[in-house]
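What's in upload-v8.pdb: PDB, C-alpha atoms and all ligand atoms
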```
ATOM      1  CA  MET A  30      99.432 112.568  91.872
ATOM      2  CA  GLU A  31      96.043 111.382  90.602
ATOM      3  CA  ASP A  32      92.807 112.489  92.245
ATOM      4  CA  ALA A  33      92.064 109.051  93.676
ATOM      5  CA  SER A  34      95.499 108.944  95.306
ATOM      6  CA  LEU A  35      95.116 112.477  96.660
ATOM      7  CA  LEU A  36      91.893 111.352  98.293
ATOM      8  CA  ARG A  37      93.224 108.009  99.524
ATOM      9  CA  TYR A  38      96.242 109.600 101.197
ATOM     10  CA  ALA A  39      94.597 112.911 102.129
ATOM     11  CA  ARG A  40      95.018 112.479 105.885
ATOM     12  CA  HIS A  41      98.766 111.990 105.516
ATOM     13  CA  ILE A  42      99.063 114.867 103.037
ATOM     14  CA  LEU A  43      97.240 117.101 105.526
ATOM     15  CA  LEU A  44      99.965 116.576 108.110
ATOM     16  CA  ASN A  45     102.364 119.518 107.860
ATOM     17  CA  GLU A  46     105.413 117.328 108.401
ATOM     18  CA  PHE A  47     104.265 114.773 105.815
ATOM     19  CA  GLY A  48     102.634 116.748 103.003
ATOM     20  CA  ILE A  49     102.625 115.848  99.307
ATOM     21  CA  GLU A  50     106.396 115.519  99.353
ATOM     22  CA  GLY A  51     106.338 112.901 102.111
ATOM     23  CA  GLN A  52     103.548 111.026 100.391
ATOM     24  CA  GLU A  53     105.479 110.972  97.132
ATOM     25  CA  ARG A  54     108.501 109.574  98.941
ATOM     26  CA  VAL A  55     106.348 106.796 100.387
ATOM     27  CA  GLN A  56     104.980 106.016  96.943
ATOM     28  CA  THR A  57     108.430 105.577  95.446
ATOM     29  CA  ALA A  58     109.826 103.577  98.379
ATOM     30  CA  HIS A  59     110.534  99.849  98.364
ATOM     31  CA  VAL A  60     109.961  98.163 101.695
ATOM     32  CA  LEU A  61     111.071  94.657 102.630
ATOM     33  CA  VAL A  62     108.924  93.018 105.328
ATOM     34  CA  VAL A  63     110.396  89.747 106.560
ATOM     35  CA  GLY A  64     107.718  87.716 108.341
ATOM     36  CA  ALA A  65     103.966  87.795 107.687
ATOM     37  CA  GLY A  66     102.957  86.796 111.205
ATOM     38  CA  GLY A  67     101.983  88.745 114.312
ATOM     39  CA  LEU A  68     104.325  91.707 113.739
ATOM     40  CA  GLY A  69     104.365  91.547 109.952
ATOM     41  CA  SER A  70     100.570  91.723 109.794
ATOM     42  CA  PRO A  71     100.035  95.221 111.232
ATOM     43  CA  ALA A  72     103.373  96.450 109.867
ATOM     44  CA  ALA A  73     102.541  95.395 106.302
ATOM     45  CA  PHE A  74      98.935  96.589 106.609
ATOM     46  CA  PHE A  75     100.021 100.120 107.506
ATOM     47  CA  MET A  76     102.780 100.198 104.889
ATOM     48  CA  ALA A  77     100.238  99.131 102.267
ATOM     49  CA  SER A  78      97.505 101.496 103.457
ATOM     50  CA  SER A  79     100.054 104.342 103.395
ATOM     51  CA  GLY A  80     100.732 103.608  99.730
ATOM     52  CA  VAL A  81     104.303 102.355  99.789
ATOM     53  CA  GLY A  82     105.411 101.918  96.161
ATOM     54  CA  LYS A  83     106.596  98.352  96.444
ATOM     55  CA  LEU A  84     106.274  95.906  99.302
ATOM     56  CA  THR A  85     108.167  92.627  99.347
ATOM     57  CA  LEU A  86     106.585  90.252 101.862
ATOM     58  CA  VAL A  87     108.538  87.138 102.780
ATOM     59  CA  ASP A  88     107.415  84.124 104.828
ATOM     60  CA  ASP A  89     107.951  80.404 104.299
ATOM     61  CA  ASP A  90     105.192  79.306 106.676
ATOM     62  CA  VAL A  91     101.503  78.484 106.100
ATOM     63  CA  VAL A  92      98.526  79.936 107.957
ATOM     64  CA  ASP A  93      97.538  77.868 110.980
ATOM     65  CA  LEU A  94      94.355  78.182 113.033
ATOM     66  CA  SER A  95      96.449  79.081 116.081
ATOM     67  CA  ASN A  96      97.855  82.126 114.201
ATOM     68  CA  LEU A  97      94.508  83.872 113.783
ATOM     69  CA  GLN A  98      94.334  85.151 117.382
ATOM     70  CA  ARG A  99      96.902  87.812 116.406
ATOM     71  CA  GLN A 100      98.048  87.534 112.777
ATOM     72  CA  ILE A 101      95.436  89.842 111.319
ATOM     73  CA  LEU A 102      96.531  89.580 107.678
ATOM     74  CA  HIS A 103      95.051  86.090 107.556
ATOM     75  CA  THR A 104      91.538  84.667 107.676
ATOM     76  CA  THR A 105      89.889  81.420 108.724
ATOM     77  CA  GLU A 106      89.228  80.707 105.050
ATOM     78  CA  ARG A 107      92.928  80.901 104.243
ATOM     79  CA  VAL A 108      94.162  78.424 106.869
ATOM     80  CA  GLY A 109      96.644  76.140 105.095
ATOM     81  CA  GLN A 110      97.695  78.750 102.501
ATOM     82  CA  PRO A 111     101.188  80.246 102.452
ATOM     83  CA  LYS A 112     101.264  83.316 104.703
ATOM     84  CA  ALA A 113     103.019  85.451 102.075
ATOM     85  CA  GLU A 114     100.238  84.703  99.542
ATOM     86  CA  SER A 115      97.467  85.186 102.107
ATOM     87  CA  GLY A 116      99.076  88.464 103.135
ATOM     88  CA  LYS A 117      99.300  89.637  99.549
ATOM     89  CA  GLN A 118      95.558  89.012  99.100
ATOM     90  CA  ALA A 119      94.721  91.043 102.203
ATOM     91  CA  LEU A 120      97.042  93.905 101.262
ATOM     92  CA  HIS A 121      95.832  94.091  97.679
ATOM     93  CA  ALA A 122      92.218  94.154  98.828
ATOM     94  CA  LEU A 123      93.133  97.107 101.041
ATOM     95  CA  ASN A 124      95.205  98.938  98.429
ATOM     96  CA  PRO A 125      95.271  97.767  94.805
ATOM     97  CA  GLU A 126      97.556 100.708  93.876
ATOM     98  CA  ILE A 127     100.709  99.186  95.318
ATOM     99  CA  GLU A 128     103.026  96.507  93.963
ATOM    100  CA  ILE A 129     103.369  93.467  96.207
ATOM    101  CA  ASP A 130     105.970  90.761  95.763
ATOM    102  CA  ALA A 131     104.988  87.751  97.895
ATOM    103  CA  ARG A 132     107.795  85.288  98.497
ATOM    104  CA  VAL A 133     107.202  81.892 100.039
ATOM    105  CA  GLU A 134     110.742  81.152 101.085
ATOM    106  CA  ARG A 135     113.142  81.046 104.004
ATOM    107  CA  LEU A 136     115.841  83.530 103.158
ATOM    108  CA  ASP A 137     119.421  82.327 103.107
ATOM    109  CA  ASP A 138     122.269  84.854 103.142
ATOM    110  CA  ALA A 139     122.407  85.100  99.346
ATOM    111  CA  ALA A 140     118.657  85.703  98.988
ATOM    112  CA  LEU A 141     118.739  88.224 101.836
ATOM    113  CA  ASP A 142     121.589  90.057 100.146
ATOM    114  CA  THR A 143     119.613  90.420  96.930
ATOM    115  CA  LEU A 144     116.411  91.577  98.636
ATOM    116  CA  VAL A 145     118.030  93.910 101.172
ATOM    117  CA  ALA A 146     120.129  95.567  98.442
ATOM    118  CA  LYS A 147     116.937  96.522  96.585
ATOM    119  CA  ALA A 148     115.004  97.788  99.609
ATOM    120  CA  ASP A 149     114.959 101.311 101.040
ATOM    121  CA  VAL A 150     114.030 100.059 104.508
ATOM    122  CA  VAL A 151     113.842  96.579 106.055
ATOM    123  CA  LEU A 152     111.286  95.542 108.667
ATOM    124  CA  ASP A 153     112.335  92.543 110.740
ATOM    125  CA  CYS A 154     109.079  90.892 111.781
ATOM    126  CA  THR A 155     110.551  87.443 112.389
ATOM    127  CA  ASP A 156     110.547  85.427 115.585
ATOM    128  CA  ASN A 157     113.957  83.818 115.823
ATOM    129  CA  PHE A 158     117.456  85.043 116.556
ATOM    130  CA  THR A 159     119.172  83.240 113.696
ATOM    131  CA  THR A 160     117.094  85.060 111.084
ATOM    132  CA  ARG A 161     117.305  88.351 112.984
ATOM    133  CA  HIS A 162     121.079  88.222 112.942
ATOM    134  CA  ALA A 163     121.155  87.243 109.254
ATOM    135  CA  ILE A 164     118.899  90.204 108.385
ATOM    136  CA  ASN A 165     121.093  92.499 110.476
ATOM    137  CA  ARG A 166     124.261  91.340 108.718
ATOM    138  CA  ALA A 167     122.687  92.022 105.316
ATOM    139  CA  CYS A 168     121.555  95.490 106.441
ATOM    140  CA  VAL A 169     125.065  96.283 107.719
ATOM    141  CA  ARG A 170     126.589  95.071 104.429
ATOM    142  CA  HIS A 171     124.258  97.235 102.353
ATOM    143  CA  ARG A 172     124.002 100.133 104.838
ATOM    144  CA  LYS A 173     120.215  99.901 104.983
ATOM    145  CA  PRO A 174     117.985 101.048 107.833
ATOM    146  CA  LEU A 175     116.561  98.127 109.807
ATOM    147  CA  VAL A 176     113.366  98.484 111.830
ATOM    148  CA  SER A 177     113.320  95.708 114.375
ATOM    149  CA  GLY A 178     110.418  94.492 116.500
ATOM    150  CA  ALA A 179     109.893  91.650 118.960
ATOM    151  CA  ALA A 180     106.982  90.452 121.079
ATOM    152  CA  ILE A 181     106.643  87.602 123.546
ATOM    153  CA  ARG A 182     104.174  87.037 126.393
ATOM    154  CA  PHE A 183     103.249  90.633 127.347
ATOM    155  CA  ASP A 184     106.651  92.158 126.508
ATOM    156  CA  GLY A 185     107.566  94.010 123.361
ATOM    157  CA  GLN A 186     110.601  95.799 121.946
ATOM    158  CA  VAL A 187     111.135  98.159 119.029
ATOM    159  CA  SER A 188     114.250  99.820 117.670
ATOM    160  CA  VAL A 189     115.768 101.218 114.482
ATOM    161  CA  PHE A 190     119.279 100.254 113.458
ATOM    162  CA  ASP A 191     120.069 102.853 110.836
ATOM    163  CA  MET A 192     123.165 101.741 108.997
ATOM    164  CA  ARG A 193     123.231 104.939 106.902
ATOM    165  CA  ASP A 194     124.575 106.627 110.050
ATOM    166  CA  ASP A 195     128.136 105.753 111.140
ATOM    167  CA  ALA A 196     127.305 106.561 114.774
ATOM    168  CA  ALA A 197     124.344 104.166 114.906
ATOM    169  CA  PRO A 198     124.532 100.734 116.564
ATOM    170  CA  CYS A 199     123.494  97.574 114.711
ATOM    171  CA  TYR A 200     121.283  94.796 116.100
ATOM    172  CA  HIS A 201     124.349  92.765 117.072
ATOM    173  CA  CYS A 202     125.798  95.682 119.105
ATOM    174  CA  LEU A 203     122.703  95.329 121.320
ATOM    175  CA  PHE A 204     122.130  91.583 121.181
ATOM    176  CA  PRO A 205     125.400  89.699 120.660
ATOM    177  CA  GLU A 206     124.875  86.371 118.990
ATOM    178  CA  ALA A 207     125.216  83.296 121.177
ATOM    179  CA  GLU A 208     125.283  79.892 119.581
ATOM    180  CA  ASP A 209     123.649  78.176 122.525
ATOM    181  CA  VAL A 210     120.499  80.277 122.849
ATOM    182  CA  ALA A 211     117.268  78.406 122.531
ATOM    183  CA  PRO A 212     114.930  81.384 122.679
ATOM    184  CA  ASP A 213     111.356  81.133 123.799
ATOM    185  CA  ASN A 214     108.821  81.598 121.073
ATOM    186  CA  CYS A 215     105.110  82.314 120.936
ATOM    187  CA  ALA A 216     104.297  78.658 120.306
ATOM    188  CA  THR A 217     105.727  77.614 123.664
ATOM    189  CA  VAL A 218     105.028  80.536 125.980
ATOM    190  CA  GLY A 219     102.187  82.515 124.394
ATOM    191  CA  VAL A 220     101.755  86.117 123.339
ATOM    192  CA  PHE A 221      99.147  88.778 124.064
ATOM    193  CA  ALA A 222      97.300  89.529 120.798
ATOM    194  CA  PRO A 223      97.178  93.353 120.946
ATOM    195  CA  LEU A 224     100.878  93.485 121.855
ATOM    196  CA  VAL A 225     101.914  92.353 118.368
ATOM    197  CA  GLY A 226      99.589  95.032 116.988
ATOM    198  CA  MET A 227     101.316  97.678 119.102
ATOM    199  CA  VAL A 228     104.830  96.586 118.181
ATOM    200  CA  GLY A 229     104.072  95.987 114.477
ATOM    201  CA  SER A 230     102.326  99.374 114.228
ATOM    202  CA  MET A 231     105.340 101.057 115.819
ATOM    203  CA  GLN A 232     107.531  99.379 113.205
ATOM    204  CA  ALA A 233     105.331 100.792 110.425
ATOM    205  CA  ALA A 234     105.506 104.247 112.045
ATOM    206  CA  GLU A 235     109.304 104.089 112.260
ATOM    207  CA  ALA A 236     109.583 102.847 108.660
ATOM    208  CA  LEU A 237     107.400 105.730 107.407
ATOM    209  CA  LYS A 238     109.605 108.183 109.318
ATOM    210  CA  VAL A 239     112.763 106.628 107.859
ATOM    211  CA  ILE A 240     111.289 106.929 104.346
ATOM    212  CA  THR A 241     110.006 110.487 104.697
ATOM    213  CA  GLY A 242     112.771 111.771 106.965
ATOM    214  CA  ILE A 243     110.282 113.335 109.386
ATOM    215  CA  GLY A 244     110.670 113.449 113.167
ATOM    216  CA  GLN A 245     113.142 111.392 115.162
ATOM    217  CA  THR A 246     113.301 107.661 114.723
ATOM    218  CA  MET A 247     114.229 105.155 117.421
ATOM    219  CA  LYS A 248     117.790 105.056 116.100
ATOM    220  CA  GLY A 249     120.086 104.599 119.102
ATOM    221  CA  ARG A 250     117.136 103.871 121.370
ATOM    222  CA  LEU A 251     115.258 100.742 122.387
ATOM    223  CA  LEU A 252     111.602 100.973 123.333
ATOM    224  CA  MET A 253     110.445  98.346 125.796
ATOM    225  CA  LEU A 254     106.751  97.819 126.373
ATOM    226  CA  ASP A 255     105.193  95.952 129.261
ATOM    227  CA  SER A 256     101.646  95.565 127.998
ATOM    228  CA  LEU A 257     100.531  93.671 131.127
ATOM    229  CA  ASN A 258     101.105  96.709 133.322
ATOM    230  CA  ALA A 259     100.876  99.367 130.600
ATOM    231  CA  ARG A 260     104.402 100.669 131.028
ATOM    232  CA  TRP A 261     106.662 101.954 128.243
ATOM    233  CA  ARG A 262     110.347 102.579 128.762
ATOM    234  CA  THR A 263     113.070 103.799 126.407
ATOM    235  CA  ILE A 264     116.774 103.174 126.910
ATOM    236  CA  GLY A 265     119.685 104.549 124.910
ATOM    237  CA  ILE A 266     121.865 102.093 122.987
ATOM    238  CA  VAL A 267     125.318 102.819 121.648
ATOM    239  CA  ARG A 268     127.468 101.404 118.916
ATOM    240  CA  ASP A 269     129.930  98.691 120.024
ATOM    241  CA  MET A 270     133.158  99.589 118.239
ATOM    242  CA  GLN A 271     134.333  95.980 118.757
ATOM    243  CA  CYS A 272     131.126  94.540 117.254
ATOM    244  CA  PRO A 273     132.137  91.647 114.972
ATOM    245  CA  VAL A 274     129.320  92.545 112.551
ATOM    246  CA  CYS A 275     129.543  96.328 112.210
ATOM    247  CA  GLY A 276     132.865  97.143 113.900
ATOM    248  CA  GLY A 277     134.565  97.544 110.515
ATOM    249  CA  ARG A 278     132.373 100.495 109.562
ATOM    250  CA  PRO A 279     133.901 103.939 109.617
ATOM    251  CA  ALA A 280     133.719 105.735 112.954
ATOM    252  CA  ALA A 281     131.325 108.654 113.088
TER     253      ALA A 281
HETATM  254 ZN    ZN B   1     127.173  96.196 115.551
END
```

Kindly transcribe the structure held in the file into C-alpha cells.
Amino acid sequence: MEDASLLRYARHILLNEFGIEGQERVQTAHVLVVGAGGLGSPAAFFMASSGVGKLTLVDDDVVDLSNLQRQILHTTERVGQPKAESGKQALHALNPEIEIDARVERLDDAALDTLVAKADVVLDCTDNFTTRHAINRACVRHRKPLVSGAAIRFDGQVSVFDMRDDAAPCYHCLFPEAEDVAPDNCATVGVFAPLVGMVGSMQAAEALKVITGIGQTMKGRLLMLDSLNARWRTIGIVRDMQCPVCGGRPAA
C-alpha cells in the first residue's frame, strides 16, 4: 500500500479487527449502491471515504431542491443534474483514489442481473418496494449479500440479507410482496433529515463488515429505529422455507 493510502486509511488500519488486511479487502471490493438519495448519500460517502475499490452508483432521478434537506451528496449548484453524476462528483472530490461508475438509469431485471453479478455487496438505498424486491431477487440469484435500509417519517430499518449463507432469510422472507401496496414515500409524508444519515451510515457499516468479515452483521436480524423517541430495537428474522423467491435454495 502506498504511503498516501496508509495515511488516508490510518484510522481503519489502527483498529485491531480491521488492520492492513481489512483495508486491503476494502480496496479490492466492488460495491453496488442503488439509489443516490437520502440513504445512498451517507452510505456512498462512507464507502468512498473508506477506500472501496470500485463503487457503482445507480439513480435515474435528477437533483431537486426538496432533496437537499437530507441528500447530502448533492449541492444547491447541482440542482437539475442527474443524481448519479452529482454523487460521483462529490465522491471523487472526497476520494480520487477510487473508481466510480455512475449510472443514470432505472434498473430492469436484466441490468440488475449484470450489476449484481459483478458486485461483492449490494446496498439497497431505494425508496420503493418494486425495486427492493427486484434487487432482492437478483441477490438471491447470484448469492450476494444485500444490505437493506429504509427510512420514512421518524422510523428507520436496517438489515443484511446474506445470500452466501443457506440459513439466512432474504428480503422477501421478511416482507412478502403484495401487488396492491401503494407505500408511503418521503414526498407524501416527510422524513426526518438525520434519520436517513443514521440508516445510511449503518448500511455502510454493515457493508464494510461484510467485506472485511469482522464482527457480526445484522444477518438474521432487523434493526428498527424510532428517531422521534430515540429508541432502537432489534428483532430476529428467520428464513421462510416456503418463500417463493429463496425457497429453492439449499437448506442450511
Ligand atoms: Zn426468501

key: Minimum-distance residue to Gly64 of chain A, chosen among A:Ile127, A:Thr217, A:Ser188, A:Gly229 (using only C-alpha atoms)   =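 Using only C-alpha atoms, Gly64 of chain A sits closest to A:Gly229.
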
List the residues selected by the PyMOL selection byres (((not hetatm)) within 9 of (chain B and resi 1)) in the file shown, writing them as a PDB file with C-alpha atoms, in the frame of the given file.
```pdb
ATOM      1  CA  ASN A 165     121.093  92.499 110.476  1.00  0.00           C
ATOM      2  CA  ARG A 166     124.261  91.340 108.718  1.00  0.00           C
ATOM      3  CA  VAL A 169     125.065  96.283 107.719  1.00  0.00           C
ATOM      4  CA  ALA A 197     124.344 104.166 114.906  1.00  0.00           C
ATOM      5  CA  PRO A 198     124.532 100.734 116.564  1.00  0.00           C
ATOM      6  CA  CYS A 199     123.494  97.574 114.711  1.00  0.00           C
ATOM      7  CA  TYR A 200     121.283  94.796 116.100  1.00  0.00           C
ATOM      8  CA  HIS A 201     124.349  92.765 117.072  1.00  0.00           C
ATOM      9  CA  CYS A 202     125.798  95.682 119.105  1.00  0.00           C
ATOM     10  CA  LEU A 203     122.703  95.329 121.320  1.00  0.00           C
ATOM     11  CA  PHE A 204     122.130  91.583 121.181  1.00  0.00           C
ATOM     12  CA  PRO A 205     125.400  89.699 120.660  1.00  0.00           C
ATOM     13  CA  ARG A 268     127.468 101.404 118.916  1.00  0.00           C
ATOM     14  CA  ASP A 269     129.930  98.691 120.024  1.00  0.00           C
ATOM     15  CA  MET A 270     133.158  99.589 118.239  1.00  0.00           C
ATOM     16  CA  GLN A 271     134.333  95.980 118.757  1.00  0.00           C
ATOM     17  CA  CYS A 272     131.126  94.540 117.254  1.00  0.00           C
ATOM     18  CA  PRO A 273     132.137  91.647 114.972  1.00  0.00           C
ATOM     19  CA  VAL A 274     129.320  92.545 112.551  1.00  0.00           C
ATOM     20  CA  CYS A 275     129.543  96.328 112.210  1.00  0.00           C
ATOM     21  CA  GLY A 276     132.865  97.143 113.900  1.00  0.00           C
TER      22      GLY A 276
END
```

Selection near Leu136 of chain A, 10 Å with all atoms listed in the file, sequence-local residues under 2 positions removed, as an MDAnalysis selection string = chainID A and resid 63 87:89 132:134 138:142 144 160 163:164

inquiry  = So that I can check the surroundings of segment 110-123 of chain A, please list as a count of residues only every protein, DNA and RNA residue that reaches within 9 Å of it, counting only C-alpha atoms and ignoring chain neighbours fewer than 6 positions away.
reply    = 25

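Put simply, atom CA of Leu94 of chain A is 16.8 Å away from atom CA of Leu68 of chain A.
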
Complete segment 262-275 of chain A with N, CA and C atoms (output as a short mmCIF file (atom, residue, chain, number, x, y, z; two decimals), keeping the file's coordinate frame).
```
data_model
loop_
_atom_site.label_atom_id
_atom_site.label_comp_id
_atom_site.auth_asym_id
_atom_site.auth_seq_id
_atom_site.Cartn_x
_atom_site.Cartn_y
_atom_site.Cartn_z
N ARG A 262 109.06 102.08 128.29
CA ARG A 262 110.35 102.58 128.76
C ARG A 262 111.30 102.64 127.57
N THR A 263 112.11 103.69 127.50
CA THR A 263 113.07 103.80 126.41
C THR A 263 114.47 103.87 126.99
N ILE A 264 115.38 103.07 126.47
CA ILE A 264 116.77 103.17 126.91
C ILE A 264 117.65 103.53 125.71
N GLY A 265 118.75 104.22 125.98
CA GLY A 265 119.68 104.55 124.91
C GLY A 265 120.58 103.36 124.61
N ILE A 266 120.93 103.16 123.34
CA ILE A 266 121.86 102.09 122.99
C ILE A 266 122.98 102.70 122.14
N VAL A 267 124.19 102.23 122.36
CA VAL A 267 125.32 102.82 121.65
C VAL A 267 126.01 101.77 120.78
N ARG A 268 126.73 102.28 119.81
CA ARG A 268 127.47 101.40 118.92
C ARG A 268 128.61 100.74 119.68
N ASP A 269 128.81 99.43 119.46
CA ASP A 269 129.93 98.69 120.02
C ASP A 269 131.04 98.71 118.98
N MET A 270 132.10 99.45 119.25
CA MET A 270 133.16 99.59 118.24
C MET A 270 133.88 98.26 117.99
N GLN A 271 133.72 97.31 118.94
CA GLN A 271 134.33 95.98 118.76
C GLN A 271 133.35 94.98 118.15
N CYS A 272 132.16 95.44 117.77
CA CYS A 272 131.13 94.54 117.25
C CYS A 272 131.66 93.77 116.04
N PRO A 273 131.59 92.42 116.09
CA PRO A 273 132.14 91.65 114.97
C PRO A 273 131.35 91.85 113.67
N VAL A 274 130.12 92.35 113.76
CA VAL A 274 129.32 92.54 112.55
C VAL A 274 129.56 93.93 111.95
N CYS A 275 129.49 94.96 112.78
CA CYS A 275 129.54 96.33 112.21
C CYS A 275 130.79 97.09 112.63
#
```
